[in-house]
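Containing mmCIF, C-alpha atoms: upload_7.cif.
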data_entry
loop_
_atom_site.label_atom_id
_atom_site.label_comp_id
_atom_site.auth_asym_id
_atom_site.auth_seq_id
_atom_site.Cartn_x
_atom_site.Cartn_y
_atom_site.Cartn_z
CA MET A 1 -55.24 7.62 10.23
CA ASN A 2 -52.44 8.76 7.96
CA SER A 3 -54.19 8.12 4.67
CA LYS A 4 -56.84 10.78 5.19
CA LYS A 5 -58.03 12.04 1.82
CA ASP A 6 -58.66 15.71 1.22
CA LYS A 7 -62.15 15.65 -0.24
CA TYR A 8 -62.08 19.35 -1.09
CA ASP A 9 -59.10 19.83 -3.38
CA PRO A 10 -56.42 17.14 -3.27
CA ASP A 11 -54.44 18.49 -6.18
CA THR A 12 -52.45 21.42 -4.88
CA LYS A 13 -50.68 21.82 -8.21
CA ALA A 14 -53.90 22.20 -10.20
CA GLU A 15 -55.26 24.57 -7.58
CA LEU A 16 -52.13 26.73 -7.78
CA GLU A 17 -52.17 26.75 -11.58
CA ARG A 18 -55.74 27.94 -11.45
CA LEU A 19 -54.93 30.64 -8.89
CA SER A 20 -51.61 31.92 -10.15
CA GLY A 21 -49.68 30.88 -13.22
CA LYS A 22 -46.62 32.80 -12.00
CA LEU A 23 -46.40 31.05 -8.64
CA SER A 24 -47.00 27.60 -10.11
CA GLU A 25 -43.97 28.03 -12.35
CA LEU A 26 -41.60 28.79 -9.44
CA ASN A 27 -39.17 26.27 -8.01
CA LYS A 28 -40.69 24.90 -4.80
CA SER A 29 -37.49 23.35 -3.43
CA ASN A 30 -36.60 24.14 0.18
CA PRO A 31 -34.19 27.12 0.25
CA PHE A 32 -33.36 26.71 3.95
CA SER A 33 -30.46 24.61 5.16
CA THR A 34 -29.07 23.63 8.57
CA PRO A 35 -25.57 23.25 10.08
CA LYS A 36 -23.80 19.98 9.29
CA ASP A 37 -25.18 16.88 11.10
CA TYR A 38 -27.83 19.05 12.74
CA PHE A 39 -30.60 16.46 12.46
CA ASP A 40 -28.31 13.63 13.63
CA GLU A 41 -27.54 15.48 16.85
CA LEU A 42 -30.91 17.11 17.50
CA PRO A 43 -32.65 14.09 19.15
CA GLN A 44 -29.82 13.76 21.69
CA LYS A 45 -29.96 17.47 22.50
CA ILE A 46 -33.73 17.27 22.89
CA LYS A 47 -33.43 14.24 25.18
CA ALA A 48 -30.81 15.99 27.32
CA ASN A 49 -33.10 19.02 27.62
CA CYS A 50 -36.05 16.82 28.54
CA ILE A 51 -34.04 15.19 31.34
CA ALA A 52 -32.80 18.58 32.56
CA ASN A 53 -36.37 19.86 32.50
CA ASP A 54 -37.60 16.87 34.50
CA ARG A 55 -34.99 17.61 37.19
CA LYS A 56 -35.70 21.34 37.35
CA PRO A 57 -35.93 22.41 41.01
CA LEU A 58 -39.34 23.52 42.22
CA LEU A 59 -37.92 26.93 43.13
CA ASN A 60 -36.92 27.56 39.48
CA ILE A 61 -40.40 26.62 38.29
CA PHE A 62 -41.88 28.97 40.92
CA PHE A 63 -39.68 31.87 39.76
CA GLU A 64 -40.49 31.13 36.11
CA TYR A 65 -44.18 31.40 37.00
CA ILE A 66 -44.03 34.57 39.06
CA PHE A 67 -42.26 36.44 36.28
CA GLN A 68 -44.95 35.56 33.74
CA PRO A 69 -47.15 38.62 33.18
CA LYS A 70 -50.39 36.75 33.87
CA TYR A 71 -49.18 35.63 37.32
CA ALA A 72 -46.90 38.57 38.13
CA ILE A 73 -49.70 40.95 39.17
CA GLY A 74 -51.24 38.37 41.48
CA PHE A 75 -47.89 37.54 43.09
CA SER A 76 -47.05 41.25 43.47
CA ILE A 77 -50.34 41.93 45.27
CA LEU A 78 -49.77 38.91 47.51
CA PHE A 79 -46.19 40.01 48.22
CA ILE A 80 -47.26 43.59 49.07
CA ALA A 81 -50.07 42.25 51.29
CA ILE A 82 -47.66 39.97 53.20
CA ILE A 83 -45.15 42.80 53.68
CA SER A 84 -47.88 45.25 54.80
CA VAL A 85 -49.37 42.79 57.28
CA SER A 86 -45.96 41.94 58.72
CA ILE A 87 -45.06 45.66 59.05
CA ILE A 88 -48.37 46.43 60.79
CA PHE A 89 -47.93 43.54 63.23
CA SER A 90 -44.29 44.30 63.97
CA ASN A 91 -45.13 47.97 64.62
CA GLN A 92 -47.94 47.02 66.97
CA LYS A 93 -45.62 44.76 68.88
CA ASP A 94 -42.63 47.11 69.07
CA ASN A 95 -44.45 50.35 69.77
CA SER A 96 -46.76 49.12 72.49
CA PRO A 97 -46.05 51.17 75.63
CA THR A 98 -46.14 48.10 77.87
CA ASN A 99 -43.32 46.62 75.80
CA GLU A 100 -41.21 49.72 76.26
CA LEU A 101 -41.96 49.68 79.96
CA SER A 102 -40.84 46.08 80.30
CA GLU A 103 -37.30 47.31 79.95
CA VAL A 104 -37.75 49.65 82.98
CA SER A 105 -37.65 48.16 86.44
CA TRP A 106 -40.57 48.68 88.80
CA GLU A 107 -38.28 50.43 91.29
CA ASP A 108 -37.56 52.99 88.54
CA ILE A 109 -41.26 53.44 87.92
CA LEU A 110 -41.95 54.05 91.56
CA ASN A 111 -38.94 56.33 92.11
CA THR A 112 -39.15 58.43 88.95
CA ASP A 113 -41.02 61.71 88.61
CA PRO A 114 -44.55 60.83 87.28
CA PHE A 115 -44.03 63.44 84.58
CA PHE A 116 -41.79 61.00 82.66
CA PHE A 117 -44.57 58.42 82.54
CA ASP A 118 -47.25 60.80 81.25
CA ASP A 119 -47.42 58.86 77.98
CA TYR A 120 -48.50 55.68 79.79
CA SER A 121 -51.85 54.95 81.35
CA GLU A 122 -52.24 53.92 84.92
CA PHE A 123 -53.26 50.45 83.74
CA GLU A 124 -50.07 50.00 81.70
CA LEU A 125 -47.88 51.02 84.62
CA ILE A 126 -49.63 48.65 86.99
CA THR A 127 -49.52 45.75 84.48
CA THR A 128 -45.77 46.20 84.16
CA LEU A 129 -45.37 46.44 87.89
CA VAL A 130 -47.33 43.25 88.48
CA SER A 131 -45.60 41.25 85.77
CA GLN A 132 -42.16 42.31 86.96
CA THR A 133 -43.03 41.54 90.53
CA ASN A 134 -44.24 38.11 89.47
CA GLU A 135 -41.03 37.49 87.63
CA ASN A 136 -38.99 38.49 90.67
CA LEU A 137 -41.09 36.36 92.95
CA ASN A 138 -40.77 33.39 90.62
CA LEU A 139 -37.03 33.63 90.91
CA LEU A 140 -37.14 33.66 94.70
CA THR A 141 -39.99 31.25 95.52
CA PRO A 142 -41.09 27.76 94.51
CA SER A 143 -43.70 27.80 91.73
CA SER A 144 -46.34 26.10 93.92
CA GLU A 145 -46.52 29.20 96.09
CA GLU A 146 -46.85 31.57 93.14
CA ASN A 147 -50.65 32.03 93.48
CA ILE A 148 -50.46 32.99 97.17
CA TYR A 149 -48.02 35.81 96.41
CA GLU A 150 -50.06 37.04 93.46
CA GLU A 151 -53.22 37.16 95.53
CA ASP A 152 -51.37 38.96 98.29
CA LEU A 153 -50.13 41.48 95.81
CA ILE A 154 -53.61 42.13 94.44
CA GLU A 155 -54.95 42.45 97.97
CA TYR A 156 -52.20 44.92 98.72
CA LEU A 157 -53.00 46.94 95.61
CA SER A 158 -56.72 46.92 96.39
CA ASN A 159 -55.94 48.73 99.62
CA GLU A 160 -54.39 51.53 97.62
CA ASP A 161 -56.29 54.22 95.66
CA TYR A 162 -56.54 52.38 92.32
CA GLU A 163 -59.78 52.13 90.40
CA ILE A 164 -61.60 48.81 90.74
CA GLU A 165 -61.74 48.33 86.91
CA ILE A 166 -57.93 48.41 86.67
CA LEU A 167 -57.57 45.89 89.45
CA TYR A 168 -60.22 43.69 87.82
CA ASN A 169 -58.33 43.67 84.54
CA LEU A 170 -55.18 42.49 86.27
CA MET B 1 -43.17 14.58 -3.54
CA SER B 2 -43.64 17.09 -0.70
CA VAL B 3 -41.87 16.73 2.65
CA PHE B 4 -45.31 16.26 4.22
CA ARG B 5 -46.21 13.14 2.24
CA GLU B 6 -42.68 11.75 2.16
CA ASN B 7 -42.26 11.71 5.97
CA LYS B 8 -45.66 10.28 6.70
CA SER B 9 -44.73 6.97 5.15
CA LYS B 10 -41.39 6.62 6.98
CA GLY B 11 -40.54 4.02 9.70
CA LEU B 12 -42.81 2.91 12.57
CA SER B 13 -46.43 3.99 12.63
CA ASP B 14 -47.57 6.58 15.17
CA LYS B 15 -49.65 3.95 16.96
CA GLU B 16 -46.62 1.68 17.41
CA ILE B 17 -44.55 4.60 18.71
CA LEU B 18 -47.29 5.47 21.19
CA ILE B 19 -47.50 1.88 22.45
CA GLN B 20 -43.73 1.81 22.96
CA PHE B 21 -43.82 5.20 24.69
CA LYS B 22 -46.38 3.99 27.23
CA ASP B 23 -44.04 1.18 28.25
CA LYS B 24 -41.45 2.62 30.67
CA ASN B 25 -38.72 0.30 29.39
CA SER B 26 -39.02 1.46 25.78
CA ARG B 27 -40.10 5.03 26.49
CA ASN B 28 -36.76 6.66 25.64
CA TYR B 29 -36.40 4.59 22.49
CA ALA B 30 -39.91 5.48 21.35
CA PHE B 31 -39.30 9.17 21.94
CA ASP B 32 -36.07 9.00 19.98
CA LEU B 33 -37.99 7.40 17.10
CA LEU B 34 -40.64 10.08 17.29
CA CYS B 35 -38.01 12.85 17.23
CA ARG B 36 -36.28 11.32 14.23
CA LYS B 37 -39.57 10.82 12.42
CA TYR B 38 -40.88 14.36 12.80
CA GLN B 39 -37.89 16.59 13.52
CA GLN B 40 -37.30 17.72 9.93
CA GLN B 41 -40.93 18.47 9.19
CA ILE B 42 -41.37 20.36 12.43
CA TYR B 43 -38.06 22.18 12.05
CA PHE B 44 -38.83 23.43 8.52
CA HIS B 45 -42.42 24.26 9.41
CA ILE B 46 -41.08 26.53 12.16
CA ARG B 47 -38.13 27.75 10.07
CA ARG B 48 -40.42 29.06 7.33
CA MET B 49 -42.11 31.18 9.97
CA LEU B 50 -39.09 32.31 12.00
CA ILE B 51 -36.44 32.35 9.22
CA ASP B 52 -33.52 32.39 11.66
CA HIS B 53 -31.89 29.01 12.38
CA ASP B 54 -31.09 29.73 16.05
CA ASP B 55 -34.63 30.83 16.85
CA THR B 56 -35.98 27.80 14.98
CA ASN B 57 -33.64 25.50 16.89
CA ASP B 58 -34.86 26.89 20.23
CA VAL B 59 -38.53 26.58 19.33
CA THR B 60 -38.10 23.08 17.84
CA GLN B 61 -36.48 21.86 21.05
CA GLU B 62 -39.20 23.51 23.08
CA VAL B 63 -41.84 21.73 20.98
CA PHE B 64 -40.27 18.32 21.57
CA ILE B 65 -39.89 18.99 25.29
CA LYS B 66 -43.61 19.75 25.39
CA ILE B 67 -44.31 16.54 23.50
CA TRP B 68 -42.17 14.58 25.99
CA LYS B 69 -44.05 16.08 28.92
CA ASN B 70 -47.55 15.66 27.49
CA LEU B 71 -47.46 12.57 25.30
CA ASP B 72 -48.80 10.55 28.26
CA LYS B 73 -51.92 12.70 28.21
CA PHE B 74 -52.42 12.41 24.44
CA ARG B 75 -55.90 10.92 24.01
CA GLU B 76 -55.54 9.47 20.50
CA ASP B 77 -58.87 10.94 19.41
CA SER B 78 -56.87 13.01 16.97
CA ASN B 79 -53.92 12.18 14.77
CA LEU B 80 -50.52 12.25 16.56
CA PHE B 81 -49.03 14.14 13.64
CA THR B 82 -51.81 16.77 13.84
CA TRP B 83 -51.25 17.11 17.57
CA ILE B 84 -47.49 17.61 17.15
CA TYR B 85 -48.03 20.10 14.35
CA ARG B 86 -50.52 22.03 16.48
CA ILE B 87 -47.98 22.31 19.30
CA ALA B 88 -45.33 23.49 16.83
CA THR B 89 -47.64 26.11 15.30
CA ASN B 90 -48.76 27.42 18.69
CA GLU B 91 -45.18 27.58 19.98
CA THR B 92 -44.13 29.49 16.86
CA PHE B 93 -46.96 32.02 17.21
CA SER B 94 -46.18 32.40 20.87
CA PHE B 95 -42.47 32.96 20.08
CA LEU B 96 -43.34 35.67 17.54
CA ARG B 97 -45.66 37.33 20.05
CA LYS B 98 -43.00 37.26 22.77
CA LYS B 99 -40.40 38.64 20.38
CA ARG B 100 -42.68 41.53 19.49
CA THR B 101 -43.52 42.40 23.10
CA LYS B 102 -39.92 41.91 24.25
CA LEU B 103 -38.57 44.36 21.70
CA PHE B 104 -41.59 46.70 21.97
CA ILE B 105 -41.95 46.74 18.19
CA PRO B 106 -45.04 46.67 15.97
CA MET B 107 -45.79 43.66 13.76
CA HIS B 108 -44.53 45.21 10.52
CA ASP B 109 -41.15 45.81 12.20
CA VAL B 110 -40.97 42.12 13.10
CA GLU B 111 -41.48 41.43 9.40
CA LYS B 112 -38.62 43.85 8.60
CA LYS B 113 -36.38 42.12 11.13
CA LEU B 114 -37.21 38.70 9.67
CA SER B 115 -36.57 40.03 6.18
CA ASN B 116 -33.15 41.34 7.26
CA SER B 117 -32.20 38.06 8.91
CA LEU B 118 -33.21 36.30 5.68
CA THR B 119 -30.71 38.43 3.72
CA SER B 120 -27.92 37.81 6.22
CA ASP B 121 -28.75 34.14 6.84
CA SER B 122 -25.81 31.86 6.03
CA PHE B 123 -28.18 28.89 5.98
CA PHE B 124 -30.30 30.22 3.13
CA ASP B 125 -29.38 28.49 -0.10
CA GLY B 126 -32.12 29.82 -2.35
CA ASP B 127 -31.63 31.80 -5.55
CA GLU B 128 -32.78 35.36 -6.18
CA ILE B 129 -36.35 34.37 -7.08
CA GLN B 130 -36.68 32.25 -3.96
CA MET B 131 -35.37 35.14 -1.87
CA LYS B 132 -38.02 37.42 -3.45
CA LEU B 133 -40.71 34.82 -2.78
CA GLN B 134 -39.67 34.47 0.88
CA LYS B 135 -39.67 38.24 1.34
CA ALA B 136 -43.12 38.44 -0.24
CA ILE B 137 -44.38 35.71 2.11
CA LEU B 138 -43.04 37.69 5.08
CA LYS B 139 -45.40 40.53 4.15
CA LEU B 140 -48.42 38.34 4.95
CA PRO B 141 -50.06 38.31 8.39
CA ASN B 142 -48.82 35.45 10.59
CA LYS B 143 -51.79 33.10 10.24
CA GLN B 144 -52.09 33.67 6.50
CA ARG B 145 -48.36 33.04 6.17
CA THR B 146 -48.74 29.73 8.01
CA VAL B 147 -51.63 28.71 5.77
CA PHE B 148 -49.65 29.61 2.65
CA ASN B 149 -46.55 27.70 3.79
CA MET B 150 -48.54 24.62 4.75
CA ARG B 151 -50.40 24.50 1.45
CA TYR B 152 -47.77 25.77 -0.97
CA PHE B 153 -44.58 24.14 0.36
CA GLU B 154 -45.87 21.23 2.43
CA GLU B 155 -48.86 20.50 0.16
CA MET B 156 -50.96 19.68 3.20
CA PRO B 157 -54.65 18.81 2.67
CA TYR B 158 -57.09 21.46 3.88
CA LEU B 159 -58.76 19.01 6.29
CA GLU B 160 -55.49 18.35 8.10
CA MET B 161 -54.74 22.07 8.19
CA SER B 162 -58.19 22.67 9.60
CA GLU B 163 -57.52 20.28 12.50
CA ILE B 164 -54.15 21.87 13.21
CA LEU B 165 -55.18 25.51 13.02
CA GLY B 166 -58.72 25.10 14.34
CA THR B 167 -60.16 26.97 11.34
CA SER B 168 -62.82 25.81 8.88
CA VAL B 169 -61.78 24.43 5.49
CA GLY B 170 -63.65 27.21 3.74
CA ALA B 171 -61.81 29.90 5.69
CA LEU B 172 -58.48 28.22 4.99
CA LYS B 173 -59.22 28.06 1.28
CA ALA B 174 -60.12 31.72 1.25
CA SER B 175 -57.02 32.59 3.24
CA TYR B 176 -54.77 30.64 0.87
CA HIS B 177 -56.37 32.15 -2.23
CA ILE B 178 -55.92 35.68 -0.86
CA ALA B 179 -52.31 34.91 0.11
CA VAL B 180 -51.51 33.59 -3.38
CA LYS B 181 -52.99 36.71 -4.99
CA LYS B 182 -51.07 39.02 -2.64
CA ILE B 183 -47.77 37.25 -3.33
CA GLU B 184 -48.40 37.24 -7.06
CA ASN B 185 -49.00 41.00 -6.91
CA ILE B 186 -45.80 41.62 -4.94
CA LEU B 187 -43.75 39.47 -7.32
CA THR B 188 -45.25 41.15 -10.41
CA LYS B 189 -44.54 44.64 -9.01
CA ASP B 190 -40.88 43.73 -8.34
#
Represent the structure contained in this file as structure tokens.
Amino acid sequence: MNSKKDKYDPDTKAELERLSGKLSELNKSNPFSTPKDYFDELPQKIKANCIANDRKPLLNIFFEYIFQPKYAIGFSILFIAIISVSIIFSNQKDNSPTNELSEVSWEDILNTDPFFFDDYSEFELITTLVSQTNENLNLLTPSSEENIYEEDLIEYLSNEDYEIEILYNL
Amino acid sequence: MSVFRENKSKGLSDKEILIQFKDKNSRNYAFDLLCRKYQQQIYFHIRRMLIDHDDTNDVTQEVFIKIWKNLDKFREDSNLFTWIYRIATNETFSFLRKKRTKLFIPMHDVEKKLSNSLTSDSFFDGDEIQMKLQKAILKLPNKQRTVFNMRYFEEMPYLEMSEILGTSVGALKASYHIAVKKIENILTKD
């Protein structure tokens, strides 16, 4: 393996003499030197680095990768996508009128001038009313009787002037 | 005798080192042997390209860390020495590329920077002619510079160079011949 012969031109000296007389006359000795004992200490330093590298936390490796140009664009797009999706979902959740209404009691809804609830549909107001009533009833009655009260409530509402579609959706 | 030939005949054979490396009990010992066997060759191969000792030190360590991580996967269908040298050459090219993009400078400015660090290098022991020769070598494109260093200083056979650099023997010969002519011209002008 190590004794591979160069079948093309094994004699570098002859080749150089042929190519350039000037260069072949120059001193080929190595002009570079190293700090004292450098090569005695290098294997230990390398070994220490190898061990440190083996123990590198996964998070460090992840950050090393995402800052590499070839991965950075991909990670940036993914990051922006995650942020956008989470913003869209959080907005949907927070701005839904029913959510805002959940903080208002049904007594308030019934007693307040309808003008203040212009932004909400009839369906949203009724959904809030029903859910709050259910919550109140749950606090007062045993859970086994929950269905009876709910049915009663729907029956009561059906006697009022609400559209059948709204009642169906309840 | 060149550093290339001198080191190849030293100590345990590559095959013996590989066998010891595969055994978990002697793994560290084998790696230490491998480092000691090739560290000087690899260091000076990189140093001739990067000139600066600190940069060379960083890249040399990086090369051996890569060897440590990947020696398990080495398939022995090529020479271990060739494989190590290929890693060293690729790491050196990659370092030069990173340096250029990091500093937003064109290639000829990298050459200027290397030339300046050669003048101020406290670990350069060469005489005036050797300094001129090194500066002339720095004017060559990276790959041509590598070919010149490997052939001129390390006296490496073209076949081995071909395996390391992934270039045909003919192309390497042409590259070396052109490099020699360029350097001769620069030295004659000065």
Subject >> Between atom CA of B:Arg151 and atom CA of A:Arg18, distance in Å (one decimal) >> reply: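 According to the coordinates, atom CA of B:Arg151 and atom CA of A:Arg18 are separated by 14.4 Å.
Closest to B:Lys181 among B:Ile137, B:Leu165, B:Leu118, B:Ile42 is B:Ile137, based on only C-alpha atoms.
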**OP:** Take atom CA of B:Ser115 and atom CA of B:Leu138 and report the distance between them in Å, one decimal.
**Re:**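 Taking atom CA of B:Ser115 and atom CA of B:Leu138, their separation equals 7.0 Å.
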Original post:
For chain B against chain A, which residues fall within 6 Å using all atoms listed in the file, given as a ChimeraX atom specification?
Top reply: /B:35,61,65,123-126,157
Subject >> Atomic distance atom CA of B:Gly11 - atom CA of B:Leu33, expressed in Å with one decimal >> reply: 8.5 Å
**OP:** Go through B:Arg27, B:Arg145, B:Lys99, B:Lys37 and flag the residue nearest B:Asp55, using all atoms listed in the file for the distances.
**Re:** B:Lys99
Subject >> Result set of the PyMOL selection byres ((chain B and resi 17) around 10) on the coordinates above, as a list in words >> reply: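 Evaluating the PyMOL selection byres ((chain B and resi 17) around 10) on these coordinates yields Gly11, Leu12, Ser13, Asp14, Lys15, Glu16, Leu18, Ile19, Gln20, Phe21, Lys22, Ser26, Arg27, Tyr29, Ala30, Phe31, Asp32, Leu33, Leu34 and Leu80 of chain B.
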